[in-house]
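Peer 1: Next comes the structure file run-v4.cif, holding mmCIF, C-alpha atoms and all ligand atoms.
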```
data_data
#
loop_
_atom_site.label_atom_id
_atom_site.label_comp_id
_atom_site.auth_asym_id
_atom_site.auth_seq_id
_atom_site.Cartn_x
_atom_site.Cartn_y
_atom_site.Cartn_z
CA MET A 1 22.70 36.61 -62.57
CA PRO A 2 24.01 36.82 -59.00
CA ARG A 3 24.03 33.54 -57.13
CA SER A 4 21.40 34.50 -54.53
CA ASP A 5 18.91 35.35 -57.28
CA LEU A 6 19.49 31.97 -58.88
CA VAL A 7 18.86 30.21 -55.59
CA VAL A 8 15.62 32.14 -55.06
CA LYS A 9 14.58 31.30 -58.62
CA LEU A 10 15.41 27.65 -58.00
CA ILE A 11 13.29 27.57 -54.86
CA LYS A 12 10.41 29.32 -56.65
CA ALA A 13 10.51 26.74 -59.43
CA GLY A 14 10.56 23.94 -56.85
CA VAL A 15 7.71 25.36 -54.80
CA SER A 16 5.54 26.05 -57.82
CA GLY A 17 6.23 22.57 -59.16
CA ASP A 18 7.71 23.81 -62.43
CA GLY A 19 10.02 20.92 -63.34
CA ALA A 20 11.30 22.47 -66.57
CA GLU A 21 12.20 25.75 -64.87
CA LEU A 22 13.81 23.87 -61.96
CA ARG A 23 16.03 21.99 -64.39
CA SER A 24 16.95 25.10 -66.34
CA VAL A 25 17.90 27.07 -63.21
CA ALA A 26 19.87 24.11 -61.84
CA GLU A 27 21.77 23.99 -65.12
CA SER A 28 22.57 27.70 -64.83
CA ILE A 29 23.94 27.13 -61.34
CA ALA A 30 26.05 24.21 -62.60
CA ALA A 31 27.41 26.41 -65.40
CA ASP A 32 28.16 29.14 -62.89
CA GLU A 33 30.04 26.67 -60.69
CA ARG A 34 31.98 25.32 -63.64
CA ALA A 35 32.99 28.90 -64.59
CA LYS A 36 34.31 29.34 -61.05
CA LYS A 37 36.33 26.15 -61.52
CA HIS A 38 34.17 24.29 -58.98
CA GLY A 39 33.95 21.27 -61.23
CA GLY A 40 32.99 18.95 -58.35
CA VAL A 41 29.80 20.83 -57.49
CA ALA A 42 28.85 21.17 -61.15
CA GLU A 43 29.38 17.44 -61.58
CA ARG A 44 27.16 16.65 -58.58
CA ILE A 45 24.37 18.89 -59.88
CA ALA A 46 24.60 17.20 -63.28
CA ARG A 47 24.38 13.79 -61.64
CA VAL A 48 21.27 14.75 -59.67
CA LEU A 49 19.65 16.06 -62.86
CA ASP A 50 20.56 12.88 -64.72
CA SER A 51 19.16 10.63 -62.03
CA SER A 52 15.70 12.22 -62.07
CA PRO A 53 13.15 11.69 -64.83
CA THR A 54 13.03 14.55 -67.34
CA ASN A 55 10.20 16.23 -65.56
CA SER A 56 10.83 15.54 -61.93
CA ALA A 57 8.06 14.80 -59.44
CA ASN A 58 6.25 18.11 -59.20
CA GLY A 59 6.43 19.29 -62.78
CA LYS A 60 4.99 16.04 -64.06
CA SER A 61 1.61 15.73 -65.65
CA ASN A 62 -0.59 12.98 -64.36
CA HIS A 63 -2.05 10.32 -66.60
CA GLN A 64 -5.03 12.48 -67.39
CA GLY A 65 -2.76 15.26 -68.55
CA VAL A 66 -3.78 17.58 -65.72
CA ARG A 67 -0.91 19.67 -64.48
CA VAL A 68 -0.45 18.73 -60.90
CA ARG A 69 -0.34 22.19 -59.48
CA ASP A 70 -3.34 23.56 -61.32
CA GLY A 71 -5.71 25.22 -58.92
CA SER A 72 -4.00 23.42 -56.11
CA GLY A 73 -1.56 25.82 -54.48
CA GLY A 74 -0.59 24.08 -51.27
CA ILE A 75 -0.46 20.49 -52.50
CA GLN A 76 2.67 18.45 -52.70
CA ARG A 77 2.71 15.34 -54.83
CA LYS A 78 4.82 12.36 -53.93
CA GLU A 79 5.23 8.87 -55.26
CA PRO A 80 4.92 6.78 -52.09
CA ARG A 81 7.79 4.50 -51.13
CA ILE A 82 6.86 2.94 -47.79
CA PRO A 83 5.19 -0.49 -47.86
CA LEU A 84 2.78 -1.17 -45.01
CA SER A 85 4.99 -4.08 -43.95
CA ASN A 86 7.80 -1.62 -43.11
CA LEU A 87 5.79 -0.14 -40.25
CA TYR A 88 5.31 -1.43 -36.75
CA LEU A 89 1.57 -1.43 -36.28
CA SER A 90 -0.71 -3.00 -33.74
CA ARG A 91 -2.91 -5.76 -35.08
CA PRO A 92 -6.15 -3.73 -35.05
CA ILE A 93 -4.50 -0.91 -37.02
CA ARG A 94 -3.03 -3.31 -39.53
CA SER A 95 -6.33 -5.05 -40.13
CA ALA A 96 -8.19 -1.74 -40.38
CA CYS A 97 -5.72 -0.64 -43.06
CA GLU A 98 -5.94 -3.97 -44.87
CA GLU A 99 -9.72 -3.70 -44.95
CA LEU A 100 -9.53 -0.23 -46.43
CA ILE A 101 -7.05 -1.42 -49.04
CA GLU A 102 -9.27 -4.34 -49.95
CA GLU A 103 -12.37 -2.16 -50.21
CA GLN A 104 -10.55 0.27 -52.49
CA GLY A 105 -8.99 -2.52 -54.55
CA ARG A 106 -12.32 -4.30 -55.01
CA ALA A 107 -14.49 -1.21 -55.29
CA ASP A 108 -16.15 -2.66 -58.41
CA VAL A 109 -17.54 -5.55 -56.37
CA LEU A 110 -18.85 -3.15 -53.77
CA ARG A 111 -20.37 -0.85 -56.39
CA SER A 112 -22.14 -3.70 -58.13
CA ASN A 113 -23.81 -4.22 -54.75
CA GLY A 114 -24.74 -0.58 -54.43
CA LEU A 115 -21.95 0.12 -51.91
CA GLU A 116 -18.95 2.44 -51.87
CA PRO A 117 -15.53 1.71 -50.35
CA ARG A 118 -14.60 3.70 -47.24
CA HIS A 119 -12.32 6.58 -48.05
CA ARG A 120 -12.21 9.03 -45.15
CA VAL A 121 -9.63 8.20 -42.52
CA LEU A 122 -8.70 10.08 -39.36
CA MET A 123 -5.45 9.28 -37.61
CA VAL A 124 -5.04 10.41 -34.05
CA GLY A 125 -1.95 10.17 -31.89
CA PRO A 126 1.16 11.81 -30.45
CA PRO A 127 4.02 12.75 -32.80
CA GLY A 128 6.51 10.22 -34.06
CA ASN A 129 4.53 7.00 -34.16
CA GLY A 130 3.71 6.79 -37.80
CA LYS A 131 0.73 8.91 -38.85
CA THR A 132 2.54 10.48 -41.79
CA SER A 133 4.29 7.20 -42.63
CA LEU A 134 1.00 5.33 -42.53
CA ALA A 135 -0.65 7.78 -44.93
CA GLU A 136 2.24 7.17 -47.31
CA ALA A 137 2.03 3.40 -46.82
CA LEU A 138 -1.68 3.46 -47.65
CA ALA A 139 -0.90 5.32 -50.87
CA TYR A 140 1.85 2.79 -51.61
CA GLU A 141 -0.40 -0.21 -51.10
CA LEU A 142 -3.18 1.41 -53.13
CA ALA A 143 -0.66 2.32 -55.84
CA LEU A 144 -1.90 5.91 -55.77
CA PRO A 145 0.00 9.18 -55.66
CA LEU A 146 0.19 10.85 -52.26
CA PHE A 147 -0.96 14.47 -52.16
CA THR A 148 0.02 16.29 -49.01
CA VAL A 149 -1.75 19.51 -48.17
CA ARG A 150 0.44 22.24 -46.84
CA TYR A 151 -1.92 23.68 -44.33
CA ASP A 152 -0.18 27.07 -44.22
CA ALA A 153 -0.66 27.45 -47.94
CA VAL A 154 -4.39 26.94 -47.63
CA VAL A 155 -5.33 28.77 -44.47
CA THR A 156 -4.86 32.53 -44.60
CA SER A 157 -6.16 35.19 -42.27
CA TYR A 158 -8.60 36.09 -45.02
CA LEU A 159 -11.23 33.53 -44.36
CA GLY A 160 -13.14 34.11 -47.57
CA GLU A 161 -9.96 33.29 -49.42
CA THR A 162 -9.35 30.21 -47.28
CA ALA A 163 -12.74 28.79 -48.19
CA GLN A 164 -12.07 29.49 -51.85
CA ARG A 165 -8.64 27.86 -51.69
CA LEU A 166 -10.15 24.80 -50.06
CA ARG A 167 -12.72 24.54 -52.83
CA ARG A 168 -10.06 24.88 -55.51
CA LEU A 169 -7.89 22.32 -53.79
CA PHE A 170 -10.66 19.74 -53.64
CA ASP A 171 -11.69 20.51 -57.23
CA PHE A 172 -8.18 19.69 -58.25
CA VAL A 173 -7.87 16.59 -56.10
CA ARG A 174 -10.98 14.93 -57.42
CA THR A 175 -9.57 14.89 -60.96
CA GLU A 176 -7.74 11.62 -60.24
CA PRO A 177 -7.57 8.73 -57.77
CA CYS A 178 -5.17 9.65 -54.99
CA VAL A 179 -4.52 9.69 -51.27
CA LEU A 180 -4.98 13.20 -49.93
CA PHE A 181 -3.11 13.69 -46.68
CA PHE A 182 -4.10 16.61 -44.48
CA ASP A 183 -1.63 16.87 -41.61
CA GLU A 184 -2.45 18.89 -38.48
CA PHE A 185 -6.03 18.55 -39.48
CA ASP A 186 -7.11 20.18 -36.22
CA ALA A 187 -5.52 23.46 -37.33
CA ILE A 188 -8.61 24.52 -39.22
CA GLY A 189 -10.76 24.00 -36.16
CA LYS A 190 -8.18 25.60 -33.92
CA GLU A 191 -8.38 28.91 -35.76
CA ARG A 192 -11.87 29.28 -34.38
CA GLY A 193 -10.59 30.34 -30.99
CA ASP A 194 -8.01 32.70 -32.45
CA LEU A 195 -10.30 34.73 -34.64
CA HIS A 196 -13.16 36.96 -33.78
CA GLU A 197 -15.06 36.47 -36.96
CA THR A 198 -16.62 33.25 -35.77
CA GLY A 199 -19.26 33.34 -38.47
CA GLU A 200 -16.54 33.41 -41.10
CA ILE A 201 -14.46 30.59 -39.62
CA LYS A 202 -17.58 28.48 -39.29
CA ARG A 203 -18.04 28.97 -42.99
CA VAL A 204 -14.50 27.67 -43.58
CA VAL A 205 -15.16 24.57 -41.51
CA THR A 206 -18.49 24.09 -43.25
CA THR A 207 -16.76 24.39 -46.62
CA LEU A 208 -14.25 21.75 -45.58
CA LEU A 209 -16.94 19.37 -44.37
CA LEU A 210 -19.00 19.83 -47.53
CA GLN A 211 -15.92 19.15 -49.62
CA LEU A 212 -15.28 16.00 -47.60
CA ASP A 213 -18.86 14.88 -48.20
CA ASP A 214 -18.52 15.49 -51.91
CA LEU A 215 -15.18 13.77 -52.33
CA PRO A 216 -15.49 10.77 -54.67
CA SER A 217 -14.62 7.45 -53.05
CA TYR A 218 -11.59 6.91 -55.33
CA CYS A 219 -9.93 9.78 -53.44
CA VAL A 220 -8.83 8.56 -50.04
CA PHE A 221 -8.74 11.41 -47.55
CA VAL A 222 -6.43 10.97 -44.57
CA GLY A 223 -6.51 13.57 -41.80
CA ALA A 224 -3.96 13.45 -38.97
CA THR A 225 -4.01 15.21 -35.63
CA ASN A 226 -2.29 15.24 -32.25
CA HIS A 227 -5.19 17.24 -30.87
CA PRO A 228 -8.38 15.28 -31.39
CA GLU A 229 -10.08 17.36 -28.68
CA LEU A 230 -10.06 20.32 -31.09
CA LEU A 231 -12.29 18.59 -33.61
CA ASP A 232 -16.00 18.99 -33.28
CA ARG A 233 -18.54 16.20 -33.51
CA ALA A 234 -19.62 17.09 -37.04
CA THR A 235 -16.02 16.69 -38.15
CA TRP A 236 -15.51 13.37 -36.35
CA ARG A 237 -18.65 12.00 -37.92
CA ARG A 238 -17.24 12.48 -41.42
CA PHE A 239 -14.57 9.85 -40.86
CA GLU A 240 -15.51 6.28 -41.60
CA LEU A 241 -12.26 4.94 -40.25
CA ARG A 242 -10.70 6.39 -37.11
CA ILE A 243 -7.27 5.07 -36.23
CA ASN A 244 -5.56 5.52 -32.91
CA VAL A 245 -1.85 5.67 -33.74
CA ALA A 246 -0.93 5.52 -30.08
CA LYS A 247 2.41 5.50 -28.34
CA PRO A 248 3.85 1.97 -28.57
CA THR A 249 3.38 -0.28 -25.57
CA GLU A 250 6.43 -1.62 -23.77
CA LEU A 251 6.00 -4.93 -25.55
CA GLN A 252 5.79 -3.29 -28.97
CA MET A 253 8.85 -1.18 -28.26
CA THR A 254 10.79 -4.21 -27.03
CA THR A 255 10.00 -5.97 -30.30
CA TYR A 256 11.30 -2.94 -32.19
CA PHE A 257 14.49 -2.88 -30.11
CA ALA A 258 15.04 -6.61 -30.58
CA ASP A 259 14.69 -6.27 -34.35
CA GLN A 260 17.12 -3.35 -34.44
CA LEU A 261 19.68 -5.17 -32.28
CA ARG A 262 19.46 -8.19 -34.55
CA LYS A 263 20.35 -6.04 -37.54
CA LEU A 264 23.68 -5.02 -35.99
CA THR A 265 26.79 -7.11 -36.42
CA GLY A 266 28.54 -8.15 -33.22
CA THR A 267 27.58 -8.78 -29.62
CA PRO A 268 25.50 -5.89 -28.30
CA GLY A 269 25.96 -6.77 -24.62
CA TYR A 270 22.35 -5.77 -24.01
CA THR A 271 19.07 -7.54 -24.29
CA ALA A 272 16.32 -5.54 -25.96
CA LYS A 273 14.54 -5.21 -22.63
CA ARG A 274 17.63 -3.94 -20.76
CA LEU A 275 18.47 -1.47 -23.49
CA LEU A 276 14.91 -0.13 -23.54
CA GLU A 277 15.09 0.36 -19.77
CA ASP A 278 18.31 2.33 -20.17
CA VAL A 279 17.19 4.56 -23.02
CA SER A 280 13.59 5.36 -22.37
CA VAL A 281 12.13 6.53 -25.65
CA ASN A 282 8.76 8.09 -26.24
CA SER A 283 8.08 7.14 -29.81
CA TYR A 284 9.19 5.00 -32.72
CA SER A 285 10.76 8.09 -34.15
CA GLU A 286 12.99 8.51 -31.08
CA ALA A 287 13.85 4.83 -31.06
CA GLU A 288 14.80 5.08 -34.72
CA ASN A 289 17.06 8.04 -33.94
CA PHE A 290 18.81 6.13 -31.17
CA PHE A 291 19.62 3.22 -33.47
CA LEU A 292 20.70 5.55 -36.27
CA ASP A 293 23.17 7.07 -33.79
CA VAL A 294 24.47 3.61 -32.98
CA ARG A 295 24.84 2.69 -36.63
CA ARG A 296 26.68 5.92 -37.43
CA ARG A 297 29.19 5.29 -34.66
CA VAL A 298 29.61 1.67 -35.72
CA ALA A 299 30.28 2.74 -39.30
CA LEU A 300 32.80 5.41 -38.31
CA SER A 301 34.64 3.14 -35.87
CA MET A 302 35.54 0.87 -38.82
CA GLY A 303 35.58 -2.21 -36.63
CA GLU A 304 38.02 -0.72 -34.09
CA ILE A 305 35.45 -0.42 -31.30
CA SER A 306 33.28 -3.29 -30.18
CA LEU A 307 29.54 -3.06 -30.66
CA ARG A 308 29.12 -3.43 -26.92
CA SER A 309 31.26 -0.33 -26.25
CA VAL A 310 29.55 1.70 -28.96
CA ILE A 311 26.14 0.93 -27.51
CA SER A 312 27.06 1.73 -23.92
CA GLU A 313 28.62 4.98 -25.09
CA ARG A 314 25.44 5.85 -27.01
CA VAL A 315 23.30 5.04 -23.96
CA ARG A 316 25.39 7.48 -21.92
CA ALA A 317 25.17 10.19 -24.60
CA TRP A 318 21.44 9.59 -25.03
CA ASN A 319 20.76 10.11 -21.37
CA GLU A 320 22.87 13.25 -21.26
CA ARG A 321 21.21 14.88 -24.22
CA ILE A 322 18.95 17.86 -23.75
CA LYS A 323 15.40 16.65 -23.79
CA ILE A 324 12.68 18.34 -25.76
CA PRO A 325 10.87 20.59 -23.28
CA GLY A 326 7.50 19.22 -22.26
CA GLU A 327 8.24 15.64 -23.30
CA SER A 328 8.33 13.52 -20.20
CA GLU A 329 10.47 10.44 -20.02
CA ASN A 330 8.29 8.41 -17.71
CA HIS A 331 5.78 7.33 -20.20
CA ASP A 332 2.73 5.31 -19.91
CA ARG A 333 3.83 2.00 -21.30
CA THR A 334 0.45 0.46 -20.78
CA THR A 335 -1.28 2.36 -23.55
CA HIS A 336 -2.81 0.00 -26.05
CA SER A 337 -3.02 0.91 -29.67
CA SER A 338 -6.40 0.29 -31.09
CA ALA A 339 -8.47 1.12 -34.07
CA SER A 340 -12.15 1.59 -34.41
N1 LIG B 401 5.01 2.62 -36.47
C1 LIG B 401 6.24 2.87 -36.97
N2 LIG B 401 6.97 1.87 -37.49
C2 LIG B 401 8.21 2.12 -37.99
N3 LIG B 401 8.79 3.33 -38.01
C3 LIG B 401 8.10 4.36 -37.51
C4 LIG B 401 6.80 4.19 -36.96
N4 LIG B 401 6.36 5.39 -36.53
C5 LIG B 401 7.32 6.28 -36.79
N5 LIG B 401 8.39 5.68 -37.37
C6 LIG B 401 9.62 6.34 -37.80
O1 LIG B 401 9.61 7.67 -37.27
C7 LIG B 401 9.59 8.64 -38.31
C8 LIG B 401 8.58 9.74 -37.97
O2 LIG B 401 7.27 9.19 -37.99
P1 LIG B 401 6.01 9.92 -38.64
O3 LIG B 401 5.32 8.96 -39.54
O4 LIG B 401 6.42 11.21 -39.23
O5 LIG B 401 5.14 10.16 -37.35
P2 LIG B 401 3.95 11.18 -37.08
O6 LIG B 401 3.44 11.63 -38.40
O7 LIG B 401 2.95 10.40 -36.30
O8 LIG B 401 4.53 12.29 -36.27
C9 LIG B 401 9.21 7.90 -39.57
O9 LIG B 401 9.88 8.43 -40.66
C10 LIG B 401 9.62 6.48 -39.32
O10 LIG B 401 10.91 6.28 -39.79
MG MG B 402 3.47 13.57 -39.12
#
```
Could you take the file, read its structure, and then write that structure out as structure tokens?
Peer 2:
Amino acid sequence: MPRSDLVVKLIKAGVSGDGAELRSVAESIAADERAKKHGGVAERIARVLDSSPTNSANGKSNHQGVRVRDGSGGIQRKEPRIPLSNLYLSRPIRSACEELIEEQGRADVLRSNGLEPRHRVLMVGPPGNGKTSLAEALAYELALPLFTVRYDAVVTSYLGETAQRLRRLFDFVRTEPCVLFFDEFDAIGKERGDLHETGEIKRVVTTLLLQLDDLPSYCVFVGATNHPELLDRATWRRFELRINVAKPTELQMTTYFADQLRKLTGTPGYTAKRLLEDVSVNSYSEAENFFLDVRRRVALSMGEISLRSVISERVRAWNERIKIPGESENHDRTTHSSAS
């Protein structure tokens, strides 16, 4: 089979979560490479296949023997890897998360008192400060698989079909305890303005809200949005826990910088505060990228260039980079993260 067909087949197997097919196509590609005397590539493919369990992530059956993709087009399953302690979180957010974890972990105590643990969480905040990471960390701490909904695979321009897909998705999700992460949660609401068939889109939103109401409490639903203004009141009301994953304050960012500087070997020639003044960053994600840049240069310099010089060079490069349009550099460092 020509190479491009194999690649398409490989992607199809990956997207549809067919682990066995993925493996078989990968093996064909390795054989193909070997035939072309590209032993190195074949070897690397073999190593990747060896390092993953027989049925890798998506093709796996869960403990109830339900095939993960059944009826669930648009869901991606992931074993979470981020502990809550890896994230920089304000105290109110951390305690809100710890409460949720405790309620889920001790659901039997709650139930024997006629109560249910909270399980519908809305995260609001600008990109890059940990909404996605926090959803994964919750799954990690709860020891549950993380299901991420690919919004584009659920919402189609055929609204009747969208509602049906949503129903199928939730039917699938409720078959086992999990964290269901719905990123860009506002997107469903947003469609309202774009489409004329307002009656139809209302039905989609209603379907979603009904599904949220019906979700058993062992399924933790986490919605994330940068556009909370697009959600209507009925939607807000569904969420028992609303978390403001705000832009870090200056103090929080200084703490992050200090920790990162401490991890480097050598004399940085900057205090955390000075460095933060010189590279204004808008989010944890940007700050992480800056320090990754530093660490790459440190690694490649093999000890020939002092840490101080590497950092001042990175500061210069950082300030000369093309900024993402629309993202201002003079940020409001007084914002306080809070949770409700
Ligand atoms: N609060 C945080 N603490 C530590 N790292 C963070 C934090 N927020 C973001 N990051 C880093 O930035 C990356 C992007 O963050 P992400 O969780 O995708 O943000 P969001 O979903 O809010 O856009 C993460 O992979 C993580 O490495
Ligand atoms: Mg995200």
Peer 1: Please return as a list in words the residues found within 9 Å of ligand MG 402 (chain B), counting only C-alpha atoms and all ligand atoms.
Peer 2: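 Final answer, ordered by chain and number: Pro127, Gly128, Asn129, Gly130, Lys131, Thr132, Ser133, Asp183, Glu184, Ala224 and Thr225 of chain A.
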Peer 1: Could you please determine the separation between atom CA of Asp293 of chain A and atom CA of Tyr270 of chain A in Å, to one decimal place?
Peer 2: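 Taking atom CA of Asp293 of chain A and atom CA of Tyr270 of chain A, their separation equals 16.2 Å.
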Peer 1: Using all atoms of ligand LIG 401 (chain B) listed in the file and a margin of 8 Å per side, can you give the axis-aligned box centre and edge lengths in Å to one decimal, as AutoDock Vina command-line options?
Peer 2:
```
--center_x 6.9 --center_y 7.1 --center_z -38.5 --size_x 24.0 --size_y 26.4 --size_z 20.4
```
Peer 1: Any residue with an atom at most 10 Å from ligand LIG 401 (chain B) counts, using all atoms listed in the file. Which are they? Put them as a VMD selection string.
Peer 2: chain A and resid 82 84 to 90 123 to 137 183 to 184 224 to 226 245 to 248 252 to 253 256 283 to 289
Peer 1: With distances taken over only C-alpha atoms, which of A:Glu229, A:Asp108, A:Val279, A:Arg238 is nearest to Ala317 of chain A?
Peer 2: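 Once distances to Ala317 of chain A are computed over only C-alpha atoms, the minimum belongs to A:Val279.
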Peer 1: Which one is closest to Ala234 of chain A: A:Thr254, A:Thr206, A:Ser217, A:Ser16? Count all atoms listed in the file.
Peer 2: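 For Ala234 of chain A, the nearest of the given residues is A:Thr206.
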Peer 1: Around the point (25.1, 22.3, -65.7) in the file's coordinates, collect all residues with an atom within 10 Å, using only C-alpha atoms, and return them as a list in words.
Peer 2: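 Here the neighbourhood of the point contains Arg23, Ser24, Val25, Ala26, Glu27, Ser28, Ile29, Ala30, Ala31, Asp32, Glu33, Arg34, Gly39, Val41, Ala42, Glu43, Arg44, Ile45, Ala46, Arg47 and Leu49 of chain A.
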Peer 1: A:Val310, A:Val179, A:Ile101, A:Leu10: which is nearest Pro80 of chain A, counting only C-alpha atoms?
Peer 2: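 Of all the options, A:Val179 lies closest to Pro80 of chain A.
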Peer 1: Given only C-alpha atoms as the basis, pick out the residue of A:Ile188, A:Ala163, A:Val222, A:Val315 nearest to Ile243 of chain A.
Peer 2: A:Val222
Peer 1: Quick one: residues within 12 Å of (29.4, -0.1, -28.7) (file frame), counting all atoms listed in the file, please, as a JSON list (two decimals) with C-alpha atoms, in the coordinates of the input.
Peer 2:
```json
[["chain", "number", "residue", "atom", "x", "y", "z"],
["A", 261, "LEU", "CA", 19.68, -5.17, -32.28],
["A", 264, "LEU", "CA", 23.68, -5.02, -35.99],
["A", 265, "THR", "CA", 26.79, -7.11, -36.42],
["A", 266, "GLY", "CA", 28.54, -8.15, -33.22],
["A", 267, "THR", "CA", 27.58, -8.78, -29.62],
["A", 268, "PRO", "CA", 25.50, -5.89, -28.30],
["A", 269, "GLY", "CA", 25.96, -6.77, -24.62],
["A", 270, "TYR", "CA", 22.35, -5.77, -24.01],
["A", 291, "PHE", "CA", 19.62, 3.22, -33.47],
["A", 293, "ASP", "CA", 23.17, 7.07, -33.79],
["A", 294, "VAL", "CA", 24.47, 3.61, -32.98],
["A", 295, "ARG", "CA", 24.84, 2.69, -36.63],
["A", 296, "ARG", "CA", 26.68, 5.92, -37.43],
["A", 297, "ARG", "CA", 29.19, 5.29, -34.66],
["A", 298, "VAL", "CA", 29.61, 1.67, -35.72],
["A", 299, "ALA", "CA", 30.28, 2.74, -39.30],
["A", 300, "LEU", "CA", 32.80, 5.41, -38.31],
["A", 301, "SER", "CA", 34.64, 3.14, -35.87],
["A", 302, "MET", "CA", 35.54, 0.87, -38.82],
["A", 303, "GLY", "CA", 35.58, -2.21, -36.63],
["A", 304, "GLU", "CA", 38.02, -0.72, -34.09],
["A", 305, "ILE", "CA", 35.45, -0.42, -31.30],
["A", 306, "SER", "CA", 33.28, -3.29, -30.18],
["A", 307, "LEU", "CA", 29.54, -3.06, -30.66],
["A", 308, "ARG", "CA", 29.12, -3.43, -26.92],
["A", 309, "SER", "CA", 31.26, -0.33, -26.25],
["A", 310, "VAL", "CA", 29.55, 1.70, -28.96],
["A", 311, "ILE", "CA", 26.14, 0.93, -27.51],
["A", 312, "SER", "CA", 27.06, 1.73, -23.92],
["A", 313, "GLU", "CA", 28.62, 4.98, -25.09],
["A", 314, "ARG", "CA", 25.44, 5.85, -27.01],
["A", 315, "VAL", "CA", 23.30, 5.04, -23.96],
["A", 316, "ARG", "CA", 25.39, 7.48, -21.92],
["A", 317, "ALA", "CA", 25.17, 10.19, -24.60]]
```
Peer 1: What is the atom CA of Glu99 of chain A-atom CA of Asp186 of chain A distance in Å, reported with one decimal?
Peer 2: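 Computing it gives 25.6 Å between the two atoms.
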Peer 1: Have a look at atom CA of Gly19 of chain A and atom CA of Leu166 of chain A and let me know their distance in Å, one decimal.
Peer 2: 24.5 Å
Peer 1: Go through A:Gln104, A:Phe182, A:Phe239, A:Thr162 and flag the residue nearest Val205 of chain A, using all atoms listed in the file for the distances.
Peer 2: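 Closest candidate: A:Thr162.
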Peer 1: Which polymer residues have any atom within 7 Å of an atom of Val121 of chain A, counting all atoms listed in the file, with same-chain residues fewer than 6 positions away left out, as a list in words?
Peer 2: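 In the requested form, the answer reads Phe221, Val222, Gly223, Phe239, Glu240, Leu241 and Arg242 of chain A.
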Peer 1: Can you fill out segment 212-224 of chain A with N, CA and C atoms and hand it back as a compact mmCIF listing (two decimals), in the coordinates of the input?
Peer 2:
```txt
# COMPACT_ATOMS: atom_id res chain seq x y z
N LEU A 212 -15.51 17.39 -48.00
CA LEU A 212 -15.28 16.00 -47.60
C LEU A 212 -16.45 15.12 -48.00
N ASP A 213 -17.67 15.65 -47.83
CA ASP A 213 -18.86 14.88 -48.20
C ASP A 213 -18.89 14.60 -49.69
N ASP A 214 -18.43 15.59 -50.46
CA ASP A 214 -18.52 15.49 -51.91
C ASP A 214 -17.37 14.72 -52.54
N LEU A 215 -16.38 14.39 -51.75
CA LEU A 215 -15.18 13.77 -52.33
C LEU A 215 -15.53 12.38 -52.88
N PRO A 216 -15.17 12.10 -54.14
CA PRO A 216 -15.49 10.77 -54.67
C PRO A 216 -14.70 9.69 -53.92
N SER A 217 -15.24 8.48 -53.90
CA SER A 217 -14.62 7.45 -53.05
C SER A 217 -13.29 6.94 -53.59
N TYR A 218 -12.93 7.30 -54.85
CA TYR A 218 -11.59 6.91 -55.33
C TYR A 218 -10.51 7.85 -54.80
N CYS A 219 -10.91 8.92 -54.12
CA CYS A 219 -9.93 9.78 -53.44
C CYS A 219 -9.98 9.44 -51.96
N VAL A 220 -8.87 8.95 -51.44
CA VAL A 220 -8.83 8.56 -50.04
C VAL A 220 -8.31 9.75 -49.23
N PHE A 221 -9.14 10.26 -48.37
CA PHE A 221 -8.74 11.41 -47.55
C PHE A 221 -8.20 10.90 -46.22
N VAL A 222 -6.99 11.34 -45.86
CA VAL A 222 -6.43 10.97 -44.57
C VAL A 222 -6.12 12.24 -43.79
N GLY A 223 -6.80 12.43 -42.68
CA GLY A 223 -6.51 13.57 -41.80
C GLY A 223 -5.71 13.06 -40.62
N ALA A 224 -4.74 13.87 -40.14
CA ALA A 224 -3.96 13.45 -38.97
C ALA A 224 -3.97 14.57 -37.94
```
